[in-house]
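**Student:** Following this line is my_file.txt, made up of compact mmCIF, C-alpha atoms and all ligand atoms:
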# COMPACT_ATOMS: atom_id res chain seq x y z
CA MET A 7 64.03 -2.33 28.39
CA ASP A 8 63.56 -3.88 25.00
CA THR A 9 67.18 -5.05 24.69
CA ARG A 10 68.59 -8.50 24.05
CA TRP A 11 71.03 -8.87 26.94
CA ILE A 12 71.90 -5.45 28.38
CA GLY A 13 69.89 -4.51 31.43
CA HIS A 14 69.35 -8.10 32.55
CA PRO A 15 69.59 -7.75 35.49
CA PHE A 16 68.61 -4.11 35.94
CA PHE A 17 69.24 -2.15 39.15
CA HIS A 18 67.58 1.21 39.69
CA MET A 19 68.78 3.17 42.71
CA GLU A 20 67.70 6.48 44.19
CA GLU A 21 71.16 7.22 45.54
CA VAL A 22 74.62 5.66 45.25
CA ASP A 23 78.21 6.90 45.51
CA SER A 24 78.96 6.13 41.86
CA THR A 25 77.23 3.72 39.50
CA ASN A 26 80.69 2.63 38.28
CA GLU A 27 81.69 1.73 41.85
CA GLU A 28 78.38 -0.08 42.38
CA ALA A 29 78.93 -2.04 39.15
CA LYS A 30 82.38 -3.08 40.42
CA ARG A 31 80.89 -4.23 43.73
CA TYR A 32 78.28 -6.28 41.87
CA ALA A 33 81.05 -7.71 39.68
CA SER A 34 82.93 -8.93 42.74
CA GLN A 35 79.72 -10.67 43.91
CA GLY A 36 79.56 -12.58 40.61
CA VAL A 37 76.75 -10.61 38.94
CA GLU A 38 76.59 -11.45 35.25
CA SER A 39 77.66 -9.53 32.17
CA GLY A 40 74.94 -7.19 30.95
CA ALA A 41 73.93 -5.92 34.39
CA LEU A 42 72.96 -2.26 34.27
CA ILE A 43 72.98 0.11 37.24
CA VAL A 44 71.07 3.37 36.97
CA ALA A 45 70.98 6.03 39.69
CA GLU A 46 68.98 9.19 40.19
CA LYS A 47 71.69 10.66 42.40
CA GLN A 48 75.43 10.00 42.75
CA THR A 49 77.17 11.32 45.84
CA ALA A 50 80.66 10.69 44.42
CA GLY A 51 80.19 10.54 40.64
CA LYS A 52 83.50 10.10 38.85
CA GLY A 53 84.78 11.68 35.64
CA ARG A 54 87.85 10.94 33.55
CA ARG A 55 91.33 11.80 34.78
CA GLY A 56 90.37 11.85 38.45
CA ARG A 57 87.72 14.51 38.05
CA SER A 58 84.32 14.41 39.71
CA TRP A 59 80.97 14.33 37.93
CA SER A 60 78.00 15.94 39.62
CA ASN A 61 74.46 16.60 38.51
CA THR A 62 71.13 17.68 39.87
CA PRO A 63 69.20 14.49 40.81
CA GLY A 64 66.65 13.40 38.27
CA GLU A 65 67.82 15.59 35.38
CA CYS A 66 70.67 13.49 34.11
CA LEU A 67 70.93 9.90 32.94
CA GLN A 68 73.63 8.22 35.02
CA MET A 69 74.29 4.57 34.43
CA SER A 70 76.94 1.87 34.26
CA LEU A 71 77.08 -1.35 32.31
CA LEU A 72 78.95 -4.36 33.66
CA LEU A 73 80.67 -6.39 30.96
CA ARG A 74 82.74 -9.57 31.15
CA PRO A 75 84.17 -9.48 27.63
CA SER A 76 86.39 -12.08 25.98
CA LEU A 77 88.88 -9.36 25.07
CA THR A 78 92.46 -8.68 26.09
CA PRO A 79 92.99 -5.45 28.07
CA ASN A 80 94.33 -3.79 24.88
CA GLU A 81 91.26 -4.82 22.95
CA THR A 82 88.98 -3.22 25.51
CA ALA A 83 90.41 0.24 24.70
CA GLY A 84 88.02 0.76 21.79
CA LEU A 85 84.91 0.14 23.89
CA THR A 86 84.98 3.71 25.09
CA LEU A 87 84.66 4.87 21.47
CA VAL A 88 81.90 2.33 20.82
CA ALA A 89 79.94 3.77 23.75
CA ALA A 90 80.31 7.32 22.40
CA LEU A 91 79.05 6.21 19.00
CA ALA A 92 76.07 4.47 20.59
CA VAL A 93 75.12 7.64 22.49
CA CYS A 94 75.34 9.73 19.28
CA ARG A 95 73.09 7.37 17.37
CA ALA A 96 70.59 7.07 20.19
CA VAL A 97 70.34 10.83 20.70
CA GLU A 98 69.83 11.35 16.98
CA SER A 99 67.14 8.68 16.78
CA VAL A 100 65.19 10.19 19.70
CA LEU A 101 65.85 13.82 18.64
CA PRO A 102 66.34 13.89 14.85
CA SER A 103 66.91 17.66 14.86
CA LEU A 104 70.24 17.16 16.65
CA ARG A 105 73.49 15.95 15.11
CA PRO A 106 75.68 14.82 18.01
CA GLN A 107 79.41 14.58 17.40
CA ILE A 108 82.35 13.15 19.30
CA LYS A 109 85.31 14.99 20.79
CA TRP A 110 87.97 12.27 20.85
CA PRO A 111 87.96 9.91 22.57
CA ASN A 112 84.47 9.89 24.00
CA ASP A 113 82.88 13.22 24.88
CA VAL A 114 79.60 13.56 23.03
CA ILE A 115 78.89 17.13 22.02
CA VAL A 116 76.07 19.05 20.41
CA GLY A 117 77.26 22.18 18.66
CA THR A 118 80.31 23.11 20.69
CA LYS A 119 79.15 21.87 24.09
CA LYS A 120 79.29 18.56 25.91
CA ILE A 121 76.10 16.58 26.55
CA CYS A 122 77.64 13.31 27.67
CA GLY A 123 80.71 12.01 29.45
CA ILE A 124 81.87 8.40 29.45
CA LEU A 125 84.14 6.70 31.95
CA VAL A 126 85.28 3.18 31.12
CA GLU A 127 87.09 1.22 33.81
CA LEU A 128 88.86 -2.10 33.48
CA LEU A 129 89.58 -4.51 36.30
CA LEU A 130 90.59 -8.09 36.71
CA ASP A 131 88.48 -10.58 38.65
CA ALA A 132 89.99 -14.06 39.13
CA GLY A 133 91.87 -13.76 35.83
CA GLN A 134 88.84 -12.49 33.92
CA ASN A 135 88.51 -8.99 32.51
CA ILE A 136 85.70 -6.89 33.83
CA VAL A 137 84.79 -3.70 32.05
CA VAL A 138 82.50 -1.06 33.49
CA ILE A 139 81.10 1.44 31.03
CA GLY A 140 79.77 4.49 32.85
CA ILE A 141 77.71 7.00 30.91
CA GLY A 142 76.37 10.33 32.11
CA VAL A 143 74.04 12.23 29.77
CA ASN A 144 72.83 15.75 30.46
CA VAL A 145 69.19 15.21 29.54
CA ASN A 146 66.86 17.67 31.26
CA ASN A 147 69.32 20.03 32.99
CA MET A 148 68.11 23.62 32.85
CA CYS A 149 71.40 25.28 33.77
CA PHE A 150 75.01 24.54 34.67
CA PRO A 151 77.07 26.06 37.44
CA GLY A 152 80.09 28.34 37.00
CA GLU A 153 82.61 27.57 34.32
CA LEU A 154 80.69 24.45 33.20
CA ARG A 155 78.21 26.82 31.54
CA GLU A 156 80.82 27.54 28.88
CA LYS A 157 81.24 23.95 27.83
CA ALA A 158 78.22 21.89 28.91
CA THR A 159 74.69 21.74 27.60
CA SER A 160 71.70 19.41 27.89
CA LEU A 161 69.32 17.86 25.40
CA ARG A 162 66.52 19.94 26.87
CA LEU A 163 68.44 23.17 26.45
CA GLU A 164 69.30 22.25 22.86
CA THR A 165 65.77 21.27 21.81
CA GLY A 166 63.70 23.49 24.11
CA ARG A 167 61.71 20.43 25.26
CA PRO A 168 61.91 17.91 28.09
CA VAL A 169 63.26 14.57 26.90
CA GLU A 170 62.12 11.14 28.10
CA ARG A 171 65.11 9.61 29.85
CA GLU A 172 63.82 6.00 29.75
CA LEU A 173 63.45 6.04 25.97
CA LEU A 174 66.91 7.50 25.49
CA MET A 175 68.41 4.93 27.85
CA GLU A 176 66.76 2.08 25.94
CA ARG A 177 68.02 3.40 22.59
CA ILE A 178 71.57 3.85 23.89
CA TRP A 179 71.81 0.22 24.95
CA GLN A 180 70.05 -1.10 21.85
CA ASP A 181 72.59 0.77 19.73
CA PHE A 182 75.44 -0.37 21.96
CA GLU A 183 74.38 -4.02 21.50
CA THR A 184 74.48 -3.66 17.72
CA LEU A 185 77.80 -1.77 17.64
CA TYR A 186 79.41 -4.11 20.16
CA GLU A 187 78.53 -7.07 17.93
CA ARG A 188 80.33 -5.35 15.04
CA TYR A 189 83.29 -4.52 17.29
CA GLN A 190 83.60 -8.18 18.26
CA LEU A 191 84.03 -9.25 14.61
CA THR A 192 87.62 -7.94 14.75
CA ASN A 193 87.96 -6.96 18.43
CA ASN A 194 88.94 -3.48 17.34
CA MET A 195 87.48 -0.41 15.62
CA ARG A 196 88.08 -1.63 12.04
CA GLY A 197 84.41 -1.96 11.11
CA LEU A 198 83.26 1.10 13.08
CA LYS A 199 86.05 3.49 12.11
CA PRO A 200 84.17 5.14 9.19
CA ASP A 201 81.07 5.77 11.35
CA TYR A 202 83.21 7.06 14.21
CA GLU A 203 85.26 9.38 12.01
CA GLN A 204 82.08 10.83 10.47
CA ARG A 205 81.13 11.94 13.97
CA LEU A 206 84.60 13.05 15.02
CA VAL A 207 84.44 16.80 15.50
CA ASN A 208 88.24 17.13 15.72
CA ILE A 209 88.93 15.72 12.28
CA GLY A 210 90.96 18.08 10.10
CA ARG A 211 91.14 20.58 12.95
CA PRO A 212 94.05 21.85 14.99
CA VAL A 213 94.10 20.33 18.47
CA CYS A 214 96.34 20.43 21.46
CA VAL A 215 97.03 17.15 23.27
CA ARG A 216 98.11 17.51 26.88
CA TYR A 217 99.75 14.84 28.96
CA ALA A 218 100.95 15.81 32.45
CA ALA A 219 103.15 18.88 31.87
CA GLU A 220 103.69 18.21 28.16
CA SER A 221 101.61 19.36 25.23
CA LEU A 222 101.64 18.66 21.53
CA GLU A 223 99.85 20.62 18.83
CA GLY A 224 98.83 19.33 15.45
CA ILE A 225 95.99 18.40 13.14
CA ALA A 226 93.72 15.48 14.06
CA GLU A 227 93.58 13.16 11.06
CA GLY A 228 91.32 10.42 12.38
CA ILE A 229 91.73 7.25 14.44
CA ASP A 230 93.54 3.96 13.89
CA THR A 231 91.90 0.58 14.36
CA GLU A 232 92.86 0.59 18.04
CA GLY A 233 90.99 3.86 18.54
CA ARG A 234 94.12 5.97 18.97
CA LEU A 235 94.02 9.53 17.67
CA LEU A 236 96.15 10.15 14.58
CA LEU A 237 97.81 13.49 15.17
CA ARG A 238 99.93 15.16 12.49
CA GLY A 239 102.29 17.30 14.52
CA ASN A 240 103.46 20.70 13.39
CA ASP A 241 106.76 18.95 12.57
CA GLY A 242 104.94 16.89 9.90
CA ILE A 243 105.24 13.60 11.81
CA GLN A 244 102.11 11.56 12.47
CA ARG A 245 101.77 10.25 16.00
CA ARG A 246 99.28 7.85 17.57
CA ILE A 247 97.81 9.12 20.82
CA ASP A 248 96.46 6.71 23.46
CA ALA A 249 93.33 7.91 25.25
CA GLY A 250 94.64 7.07 28.75
CA GLU A 251 95.37 10.21 30.66
CA VAL A 252 95.55 12.76 27.86
CA SER A 253 93.23 15.68 27.32
CA VAL A 254 92.50 17.05 23.89
CA ARG A 255 91.30 20.57 23.28
CA GLY A 256 90.65 22.55 20.17
CA ILE A 257 93.23 25.27 19.78
CA TYR A 258 90.50 27.89 19.71
CA GLY A 259 88.17 26.51 22.41
CA TYR A 260 86.69 23.38 23.92
CA VAL A 261 86.36 21.54 20.58
C1 LIG B 1 83.86 12.49 31.94
O1 LIG B 1 83.36 13.19 31.07
O2 LIG B 1 84.87 12.87 32.58
C2 LIG B 1 83.24 11.17 32.26
C3 LIG B 1 82.01 11.32 33.10
C4 LIG B 1 81.32 9.99 33.39
C5 LIG B 1 80.14 10.14 34.29
C6 LIG B 1 79.35 8.87 34.44
S1 LIG B 1 77.83 9.11 35.29
C7 LIG B 1 77.61 7.39 35.43
C8 LIG B 1 78.97 6.79 35.73
N1 LIG B 1 79.24 6.78 37.15
C9 LIG B 1 80.27 7.57 37.46
O3 LIG B 1 80.71 7.74 38.62
N2 LIG B 1 80.76 8.17 36.36
C10 LIG B 1 80.04 7.74 35.18
Re-express the file's structure as structure tokens.

**Tutor:**
Amino acid sequence: MDTRWIGHPFFHMEEVDSTNEEAKRYASQGVESGALIVAEKQTAGKGRRGRSWSNTPGECLQMSLLLRPSLTPNETAGLTLVAALAVCRAVESVLPSLRPQIKWPNDVIVGTKKICGILVELLLDAGQNIVVIGIGVNVNNMCFPGELREKATSLRLETGRPVERELLMERIWQDFETLYERYQLTNNMRGLKPDYEQRLVNIGRPVCVRYAAESLEGIAEGIDTEGRLLLRGNDGIQRRIDAGEVSVRGIYGYV
């Protein structure tokens, strides 16, 4: 890959349980920041909020970046938004006919359907923060099973053409390197907030935020510098929502 530091070293695997888990194992063996793990098949791919992530081998791009950032745990929260922005830019540069958007915090969508999921995990290794950024992009999938059909799509389905996964992967990490540099100027989303909000599909729309058994409806007004969603509740009060364990849905459908 023509990148400055991401993908050095690079591990390509035919099969693994989860590239995020593999990245964590490498981290515990002392592998350096920038290591990238890519797998054709995951036997236990993980999604956000304890869900699983499965895909037909070879169709999807499934990869995890190992980072050892000089950030506090709070400052790492925005990295999940940075990754979503990088995927949007990369998809648009490879496929200019598409205009990917973000469903807060980090689902990348085309039209009203999801093309990419991101799972960021944080762990501590001998007092140092380790961040694993796992990205799954539906690249050449031709169909989706069951209820996924309603809310997932692939780049191939959207463009009608097969898409080169290697090129897309390279662009994603090139864009991530650039955006991450800007993030590190303030260690938060201050510099990237305008770009992120331009892509934020929820902005100005009614959404429902769910956390455990509770739910809150309101209008999404944007993000703050920490990457929290600004939600104007139906009571007129603006609240800041942490990504953590919440799910956000449009009132009228997935977005
Ligand atoms: C989500 O949308 O819930 C997040 C999905 C993240 C999937 C990717 S695929 C590569 C990496 N390895 C995993 O086990 N999960 C992430």

**Student:** Write out as a compact mmCIF listing (two decimals) with C-alpha atoms, in the frame of the given file the residues lying within 12 Å of Ile108 (chain A), counting only C-alpha atoms and excluding same-chain residues fewer than 2 positions away.

**Tutor:**
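Wrote it out as part.txt, contents follow:
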# COMPACT_ATOMS: atom_id res chain seq x y z
CA THR A 86 84.98 3.71 25.09
CA LEU A 87 84.66 4.87 21.47
CA VAL A 88 81.90 2.33 20.82
CA ALA A 89 79.94 3.77 23.75
CA ALA A 90 80.31 7.32 22.40
CA LEU A 91 79.05 6.21 19.00
CA ALA A 92 76.07 4.47 20.59
CA VAL A 93 75.12 7.64 22.49
CA CYS A 94 75.34 9.73 19.28
CA ARG A 95 73.09 7.37 17.37
CA ARG A 105 73.49 15.95 15.11
CA PRO A 106 75.68 14.82 18.01
CA TRP A 110 87.97 12.27 20.85
CA PRO A 111 87.96 9.91 22.57
CA ASN A 112 84.47 9.89 24.00
CA ASP A 113 82.88 13.22 24.88
CA VAL A 114 79.60 13.56 23.03
CA ILE A 115 78.89 17.13 22.02
CA VAL A 116 76.07 19.05 20.41
CA GLY A 117 77.26 22.18 18.66
CA THR A 118 80.31 23.11 20.69
CA LYS A 119 79.15 21.87 24.09
CA LYS A 120 79.29 18.56 25.91
CA ILE A 121 76.10 16.58 26.55
CA CYS A 122 77.64 13.31 27.67
CA GLY A 123 80.71 12.01 29.45
CA ILE A 124 81.87 8.40 29.45
CA ASP A 201 81.07 5.77 11.35
CA TYR A 202 83.21 7.06 14.21
CA GLU A 203 85.26 9.38 12.01
CA GLN A 204 82.08 10.83 10.47
CA ARG A 205 81.13 11.94 13.97
CA LEU A 206 84.60 13.05 15.02
CA VAL A 207 84.44 16.80 15.50
CA ASN A 208 88.24 17.13 15.72
CA ILE A 209 88.93 15.72 12.28
CA GLY A 228 91.32 10.42 12.38
CA VAL A 254 92.50 17.05 23.89
CA VAL A 261 86.36 21.54 20.58

**Student:** Counting all atoms listed in the file, write as a PyMOL selection string all protein and nucleic acid residues lying at most 10 Å from (97.0, 4.1, 14.8) in the file's frame.

**Tutor:** chain A and resi 228-237+244-248

**Student:** Applying 8 Å and only C-alpha atoms, which residues near Val137 (chain A) remain after dropping the ones on its own chain fewer than 4 positions away? List them as a PyMOL selection string.

**Tutor:** chain A and resi 72-75+82+126-129

**Student:** Write a file of the just-selected residues containing C-alpha atoms, as an mmCIF file, keeping the file's coordinate frame.

**Tutor:**
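As a result, part-v6.cif now contains:
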data_model
loop_
_atom_site.group_PDB
_atom_site.id
_atom_site.type_symbol
_atom_site.label_atom_id
_atom_site.label_comp_id
_atom_site.auth_asym_id
_atom_site.auth_seq_id
_atom_site.Cartn_x
_atom_site.Cartn_y
_atom_site.Cartn_z
ATOM 1 C CA LEU A 72 78.950 -4.360 33.660
ATOM 2 C CA LEU A 73 80.670 -6.390 30.960
ATOM 3 C CA ARG A 74 82.740 -9.570 31.150
ATOM 4 C CA PRO A 75 84.170 -9.480 27.630
ATOM 5 C CA THR A 82 88.980 -3.220 25.510
ATOM 6 C CA VAL A 126 85.280 3.180 31.120
ATOM 7 C CA GLU A 127 87.090 1.220 33.810
ATOM 8 C CA LEU A 128 88.860 -2.100 33.480
ATOM 9 C CA LEU A 129 89.580 -4.510 36.300
#

**Student:** Nearest to ligand LIG 1 (chain B): which of A:Gly53, A:Gly152, A:Gly239, A:Pro63 is it, counting all atoms listed in the file?

**Tutor:**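 Using all atoms listed in the file, ligand LIG 1 (chain B) sits closest to A:Gly53.
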
**Student:** Measuring between only C-alpha atoms and all ligand atoms, which one of A:Gly242, A:Gly56, A:Gly142, A:Pro102 shows the shortest distance to ligand LIG 1 (chain B)?

**Tutor:** A:Gly142

**Student:** Considering only C-alpha atoms and all ligand atoms, state which residue in the set A:Met19, A:Leu77, A:Ala83, A:Ala45 is at the smallest distance from ligand LIG 1 (chain B).

**Tutor:**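 So, comparing all the options, the nearest one is A:Ala45.
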
**Student:** Check which residues fall inside 6 Å of ligand LIG 1 (chain B) when counting all atoms listed in the file, and print them as a list in words.

**Tutor:**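 Checked against 6 Å with all atoms listed in the file; the hits are Ser24, Thr25, Asn26, Gly51, Lys52, Gly53, Arg54, Trp59, Gln68, Met69, Ser70, Gly123, Ile124, Leu125, Gly140, Ile141 and Gly142 of chain A.
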
**Student:** Can you tell me which residues surround region 175-188 of chain A at a distance of at most 8 Å, considering all atoms listed in the file, apart from same-chain residues fewer than 3 positions away, and format the answer as an MDAnalysis selection string?

**Tutor:** chainID A and resid 7:10 12 67 85 88:89 92:93 95:97 99:100 171:172 191:192 197:198

**Student:** Mind pulling up the distance from CA of Glu46 (chain A) to CA of Pro151 (chain A)?

**Tutor:** 18.9 Å
